[in-house]
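Please read the structure below before turning to the comments.
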Amino acid sequence: MASNATVKCSPPMKATSNGVFQGDNPLHYALPLLIIQICLVVVLTRVLAYLLRPLRQPRVVAEIIGGVLLGPSALGRNNKYLHTIFPPQSLTVLDTLANLGLLFFLFLVGLELDPKSLRRTGKKALTIALAGISLPFALGIGTSFVLRATISEGVSQGPFLIFMGVALSITAFPVLARILAELKLLTTDVGRMAMSAAAVNDVAAWILLALAIALSGTGRSPVVSLWVFLCGFGFIMLCIFVGPPIFKWIARRCPEGEPVDEIYICATLALVLAAGFVTDTIGIHALFGAFVMGVLVPKEGPFAGALVEKVEDLVSGLFLPLYFVSSGLKTNVATIQGAQSWGLLVLVIFTACFGKIVGTVLVSLCCKIPFKEALTLGFLMNTKGLVELIVLNIGKDRGVLNDQTFAIMVLMALFTTFITTPIVMTIYKPAKMANLEYKHRTIQRKEADTQLRMFTCFQSTRNIPSLINLMEASRGTGKKGGLRVYAMHLMELSERSSAILMVHKVRKNGLPFWNKGRDSETNQIVVAFEAFQHLSQVSIRPTTVISPMLSMHEDICTSAERKRAAIIILPFHKHQRLDGHLETTRADLRHVNRRVLVHAPCSVGILVDRGLGGTSHVSASNVDYTITAFFFGGYDDHEALSYGALMAEHTGIRLNAVRFIVDPTVVGDSIRLNINGNDLPESDEEFLTEFKEKVYEDGSIKYEEIVVRNVGETVDVIRRHNRCNLFIVGRMPEGQLVAGLNKKTECPELGPVGNLLISPEFSTTASVLVVQQYRSKLTGDSLASLKEDKTTEGEYDSE
């Protein structure tokens with residue numbers, strides 16, 4: 001007898017509410033609920049990313065963990081929370097938006113893959129990639145038999161075998177690019193090999209996934225799967241023939257230096273959506289069409305960069321994290337119960353790691369790659385990521401993976417990605433190079449005619465004029481080697497998910513890239529330096545470093561040591577406003593400066609720029625500077641006065657050297673800091689005796705000694721000498737007078753005198769150069785002063 005009973009379905013959610021004052025609950029409407037979901041996801045994943053940053057984990061790890069925490073594995077155990085924030089009626093909207101974000105993200109991933117570089121992939125990288133796919137794929141098939149016999153009974157055998165093989169053999173290309181950049185390995189042999197092999201692996205994985213999806217269709221006839229696969233192949237071939245001419249035509253109409261026309265961006269994004277529709281209609285997945293479009297877009301010129309700039313932040317910042325939540329809502333770790341389930345989790349993790357690592361290591365050794373590099377390659381190729389989750393989610397949606405298997409595979413992907421960075425950091429450290437032995441690590445030296453090597457750093461074009469004028473002032477008489485400058489442009493490695501801009505830049509610069517060719521870059525910074533080099537007797541080598549702020553000091557110190565620099569010049573983290581006051585530009589730059597002061601292989605100067613010489617380069621014949629150096633005593637004051645004497649060799653520069661002497665009637669016990677065995681400097685009197693000889697020889701140096709009774713008189717003397725272009729002072733001067741000044745200061749990296757010269761109460765338009773002389777190990781107050789600020793506590797321990 002047929003039943004007349006009807007099933008009551010919950011009504012679909014309306015888009016917007018009328019507001020709480022009209023009696024509506026916003027959480028019962030699609031748009032406000034989606035906003036709450038997005039905000040919750042973004043906040044949680046960003047907090048987790050911040051907590052994992054000290055471990056140098058890629059953001060995808062935080063997003064996977066965040067998705068799992070929001071799902072039934074953790075917070076979702078509370079049914080009230082789950083049905084309020086993620087009710088079943090809202091999941092369609094959530095999944096649609098997440099997949100739309102994922103579609104455009106896969107387009108960006110395709111943009112990262114350069115077909116030309118794939119064609120240039122060497123036999124070594126190709127062999128390693130094939131081994132890194134074959135062995136884990138085979139082991140994945142073997143593991144699938146064990147799972148089908150236990151927790152995955154009844155699933156379709158063919159698709160399950162291929163899904164397991166693909167899931168274990170994937171290497172996440174975008175995640176690997178970020179890890180290599182974080183660890184400064186992109187330009188090493190290991191980095192280049194890993195990137196080439198991962199690119200091949202990525203393409204192979206997508207082909208295998210397309211095969212798996214075709215086989216997992218609901219149609220029972222194998223002819224249907226064959227049609228799906230053949231139509232997918234035909235679509236790709238059509239795109240290869242039609243796509244490149246269209247994109248090249250667009251690229252030709254986007255000249256360098258001109259803004260890209262909006263119509264071309266819109267047309268390309270519409271093509272991405274159309275390609276996604278076609279592949280979804282075929283029965284593969286909309287993601288494949290977007291990925292293929294990304295691969296076909298030409299990588300040269302401004303067009304690809306403009307696409308990334310328009311799409312990336314919105315997609316990777318807001319929409320993509322929704323996919324991890326969508327995945328996390330399907331992941332229930334509680335389904336892994338009992339010894340058997342946990343044993344299977346261990347088996348899957350072991351199989352995934354063993355297949356990738358052992359397969360890669362064995363083939364690498366056969367290619368005569370050293371064991372340590374081969375092992376590093378193995379762990380790098382074991383990186384999973386978003387593509388892994390895509391495979392698992394498609395398998396879950398197609399009914400190939402049940403809840404328990406899905407949870408096990410998600411945890412495997414999380415574990416293998418999490419261990420990559422710490423293990424690679426442990427076993428492979430090319431950046432931790434052996435200390436180079438070189439003699440001239442300071443400005444102060446016995447051999448006055450030897451070449452001076454400066455290492456200057458800058459963050460923006462605002463610093464360039466003052467930096468060039470400082471170079472001009474530092475070139476001395478040009479005897480013998482003269483002055484050689486290495487100018488490093490500091491760029492932060494951002495948290496953006498797409499690696500296209502970062503990869504193409506850092507591949508060239510790595511640790512970092514030194515611009516040897518005159519026409520290799522045509523940007524305004526290089527042009528400015530080259531123009532100055534032609535007009536002066538200074539040799540300049542510009543470079544760019546792209547690094548996280550947390551480890552940028554490593555690049556600066558390592559590069560300065562490689563180039564045998566005598567002094568590193570750093571930009572101060574504040575710049576001058578129009579009203580003359582200093583305001584902070586990058587707060588995290590001060591932490592970079594402090595770390596450099598602790599770990600520097602040579603002397604360090606921090607330049608507080610108030611427009612030295614104006615806003616343009618001052619030619620040698622027009623230089624007319626007055627420099628004032630204050631001398632209290634100690635290491636850093638020796639270096640500051642030596643630097644001032646070097647500048648005074650320039651025909652257009654005058655140096656006023658002021659030594660402070662404590663009135664004998666009030667002098668107490670002398671205070672001398674930072675005494676450290678082998679680094680004991682010559683006494684102040686010995687140093688000044690030699691300096692006075694220079695004064696007699698060089699009429700451009702004026703030396704005076706001023707007797708003061710207390711700190712107040714000292715400050716008054718400093719105020720009287722404020723009519724100059726540049727102050728040059730030691731960071732941590734020594735003596736009884738300084739002890740009175742040496743209170744807790746706002747910027748300990750500048751020391752007591754430097755802080756006085758930049759204080760709002762001190763009226764001057766002069767720039768300030770604060771100098772720290774090199775010691776083999778920073779000790780005493782010089783080190784303690786850099787630890788005063790609690791925000792940087794614990795960051796400056798010697799390595």
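Ordering of the structure tokens sets the chain letters (A, B, ...); residue numbers start at 1 within each chain; ligands are numbered from 1 in the order shown.
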>> What's around segment 134-147 of chain A at 9 Å? Count only C-alpha atoms, leave out sequence neighbours fewer than 5 positions away in its own chain, and write the answer as a PyMOL selection string.
In response: chain A and resi 129+152-153+157+160-170+344+347-348+351-356+358-360+405
> Got a sec to tell me which of segment 167-200 of chain A DSSP assigns to alpha helix (DSSP H), as a list of chain:residue names?
Replying inline: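 These are the residues in question: A:Ala167, A:Leu168, A:Ser169, A:Phe173, A:Pro174, A:Val175, A:Leu176, A:Ala177, A:Arg178, A:Ile179, A:Leu180, A:Ala181, A:Glu182, A:Asp189, A:Val190, A:Gly191, A:Arg192, A:Met193, A:Ala194, A:Met195, A:Ser196, A:Ala197, A:Ala198, A:Ala199, A:Val200.
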> Smallest atom-to-atom distance to Leu329 of chain A: which of A:Cys747, A:Val608, A:Ala62, A:Val68, using only C-alpha atoms?
Replying inline: A:Val68
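Counting only C-alpha atoms and comparing A:Ser551, A:Asn469, A:Thr442, A:Thr279, the residue that lies closest to His591 of chain A is A:Ser551.
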> Contacts of Glu373 of chain A at 12 Å or less, counting only C-alpha atoms, minus same-chain residues fewer than 2 places along, as a PyMOL selection string?
Replying inline: chain A and resi 185+188-194+357+360-362+364-365+367-371+375-380+424+427-430
Any idea what's packed within 7 Å of segment 568-583 of chain A, counting only C-alpha atoms, ignoring anything in its chain fewer than 2 positions away? Could you give it as a PDB file with C-alpha atoms, in the first residue's frame?
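Done, and the output landed in around_6.pdb:
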ATOM      1  CA  MET A 454      80.298  49.421   2.521  1.00  0.00           C
ATOM      2  CA  PHE A 455      77.078  47.417   2.676  1.00  0.00           C
ATOM      3  CA  THR A 456      74.062  49.743   2.501  1.00  0.00           C
ATOM      4  CA  CYS A 457      70.425  48.727   2.948  1.00  0.00           C
ATOM      5  CA  PHE A 458      67.268  50.602   1.944  1.00  0.00           C
ATOM      6  CA  THR A 585      57.252  53.750   8.735  1.00  0.00           C
ATOM      7  CA  ARG A 586      57.844  50.054   9.527  1.00  0.00           C
ATOM      8  CA  ALA A 587      57.848  49.071  13.204  1.00  0.00           C
ATOM      9  CA  LEU A 589      62.260  47.222  10.704  1.00  0.00           C
ATOM     10  CA  ARG A 590      63.569  48.250  14.137  1.00  0.00           C
ATOM     11  CA  ASN A 593      68.101  46.547  12.877  1.00  0.00           C
ATOM     12  CA  SER A 603      80.681  47.551  12.089  1.00  0.00           C
ATOM     13  CA  VAL A 604      77.111  48.837  11.774  1.00  0.00           C
ATOM     14  CA  GLY A 605      75.683  52.319  11.194  1.00  0.00           C
ATOM     15  CA  ILE A 606      72.016  53.317  11.535  1.00  0.00           C
ATOM     16  CA  LEU A 607      71.158  56.363   9.432  1.00  0.00           C
ATOM     17  CA  VAL A 608      68.403  58.661  10.715  1.00  0.00           C
ATOM     18  CA  ASP A 609      67.633  60.403   7.429  1.00  0.00           C
ATOM     19  CA  ARG A 610      66.619  64.062   7.545  1.00  0.00           C
ATOM     20  CA  PRO A 760      61.579  66.389  19.602  1.00  0.00           C
TER      21      PRO A 760
END
>> Need to verify the contact set: Ser785 of chain A, 8 Å, only C-alpha atoms, exclusion of same-chain residues closer than 3 positions in sequence. Can you return it as a ChimeraX atom specification?
In response: /A:748-749,751,781-782,788
Write the selection just made, keeping C-alpha atoms, as a PDB file, in the first residue's frame?
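The result, stored in part-v1.pdb:
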ATOM      1  CA  PRO A 748      67.963  51.492  22.400  1.00  0.00           C
ATOM      2  CA  GLU A 749      69.478  50.682  19.002  1.00  0.00           C
ATOM      3  CA  GLY A 751      72.118  54.572  22.199  1.00  0.00           C
ATOM      4  CA  ASP A 781      75.547  47.088  28.014  1.00  0.00           C
ATOM      5  CA  SER A 782      75.855  46.999  24.204  1.00  0.00           C
ATOM      6  CA  GLU A 788      65.379  46.384  27.058  1.00  0.00           C
TER       7      GLU A 788
END
> Rounded to one decimal in Å, what is the spacing between atom CA of Leu230 of chain A and atom CA of Gly101 of chain A?
Replying inline: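 Rounded to one decimal, the two atoms are 27.4 Å apart.
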>> So, with only C-alpha atoms as the atoms that count, which of A:Ala531, A:Gln89, A:Gln337, A:Leu612 lies closest to Arg462 of chain A?
In response: A:Leu612
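If you measure from each of A:Pro174, A:Pro259, A:Pro115, A:Gly482 to Val387 of chain A using only C-alpha atoms, the closest one turns out to be A:Pro174.
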>> Ranking A:Leu82, A:Leu296, A:Leu209, A:Leu392 by minimum distance to Gly243 of chain A and counting only C-alpha atoms, which one comes first?
In response: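 Result for the nearest residue to Gly243 of chain A: A:Leu296.
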Using only C-alpha atoms, what table do you get, as JSON lines, when you list each residue of segment 632-673 of chain A with an atom no more than 7 Å from segment 708-720 of chain A, its nearest pair of atoms, and their distance in Å rounded to one decimal, rows by chain then rising number?
{"residue": "A:Phe660", "atom": "CA", "partner": "A:Val708", "partner_atom": "CA", "distance": 6.9}
{"residue": "A:Ile661", "atom": "CA", "partner": "A:Val708", "partner_atom": "CA", "distance": 6.2}
{"residue": "A:Val662", "atom": "CA", "partner": "A:Val708", "partner_atom": "CA", "distance": 5.3}
{"residue": "A:Asp663", "atom": "CA", "partner": "A:Arg709", "partner_atom": "CA", "distance": 5.2}
{"residue": "A:Val666", "atom": "CA", "partner": "A:Arg709", "partner_atom": "CA", "distance": 6.6}
Save the residues we just selected, all heavy atoms, as a tab-separated table (two decimals), in the first residue's frame?
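So part01.tsv came out as:
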chain	number	residue	atom	x	y	z
A	660	PHE	N	84.44	65.38	25.00
A	660	PHE	CA	83.96	65.81	26.31
A	660	PHE	C	84.89	65.27	27.39
A	660	PHE	O	85.20	64.07	27.42
A	660	PHE	CB	82.54	65.29	26.54
A	660	PHE	CG	81.51	65.94	25.66
A	660	PHE	CD1	81.13	65.36	24.46
A	660	PHE	CD2	80.94	67.14	26.03
A	660	PHE	CE1	80.19	65.97	23.64
A	660	PHE	CE2	79.99	67.76	25.22
A	660	PHE	CZ	79.62	67.18	24.02
A	661	ILE	N	85.33	66.16	28.27
A	661	ILE	CA	86.19	65.79	29.40
A	661	ILE	C	85.48	66.19	30.69
A	661	ILE	O	84.95	67.31	30.80
A	661	ILE	CB	87.56	66.49	29.32
A	661	ILE	CG1	88.26	66.11	28.01
A	661	ILE	CG2	88.43	66.12	30.52
A	661	ILE	CD1	89.57	66.83	27.79
A	662	VAL	N	85.45	65.27	31.65
A	662	VAL	CA	84.81	65.56	32.93
A	662	VAL	C	85.73	66.46	33.75
A	662	VAL	O	86.95	66.23	33.83
A	662	VAL	CB	84.51	64.25	33.69
A	662	VAL	CG1	83.77	64.56	35.00
A	662	VAL	CG2	83.70	63.30	32.84
A	663	ASP	N	85.14	67.47	34.34
A	663	ASP	CA	85.89	68.39	35.21
A	663	ASP	C	86.59	67.59	36.31
A	663	ASP	O	85.94	66.82	37.03
A	663	ASP	CB	84.91	69.40	35.83
A	663	ASP	CG	85.62	70.54	36.54
A	663	ASP	OD1	86.70	70.29	37.12
A	663	ASP	OD2	85.11	71.67	36.51
A	666	VAL	N	85.08	67.08	39.84
A	666	VAL	CA	83.89	66.28	40.13
A	666	VAL	C	84.03	64.85	39.63
A	666	VAL	O	83.10	64.06	39.75
A	666	VAL	CB	82.63	66.91	39.48
A	666	VAL	CG1	82.35	68.26	40.09
A	666	VAL	CG2	82.77	66.99	37.97
> Using only C-alpha atoms, which of the listed residues (A:Pro601, A:Thr665, A:Leu51, A:Lys446) sits closest to His553 of chain A?
Replying inline: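 Between A:Pro601, A:Thr665, A:Leu51, A:Lys446, the residue approaching His553 of chain A most closely is A:Pro601.
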>> Based on the backbone DSSP call, show me all residues of segment 604-788 of chain A assigned strand (DSSP E), as number ranges by chain.
In response: A: 604-608, 625-631, 653-662, 701-708, 726-730, 767-772
>> Please list as a PyMOL selection string every residue within 12 Å of Leu91 of chain A, counting only C-alpha atoms and excluding residues in the same chain fewer than 5 positions away.
In response: chain A and resi 12-13+30+33-34+37+82-86+96-99+322-323+325-327+329-330
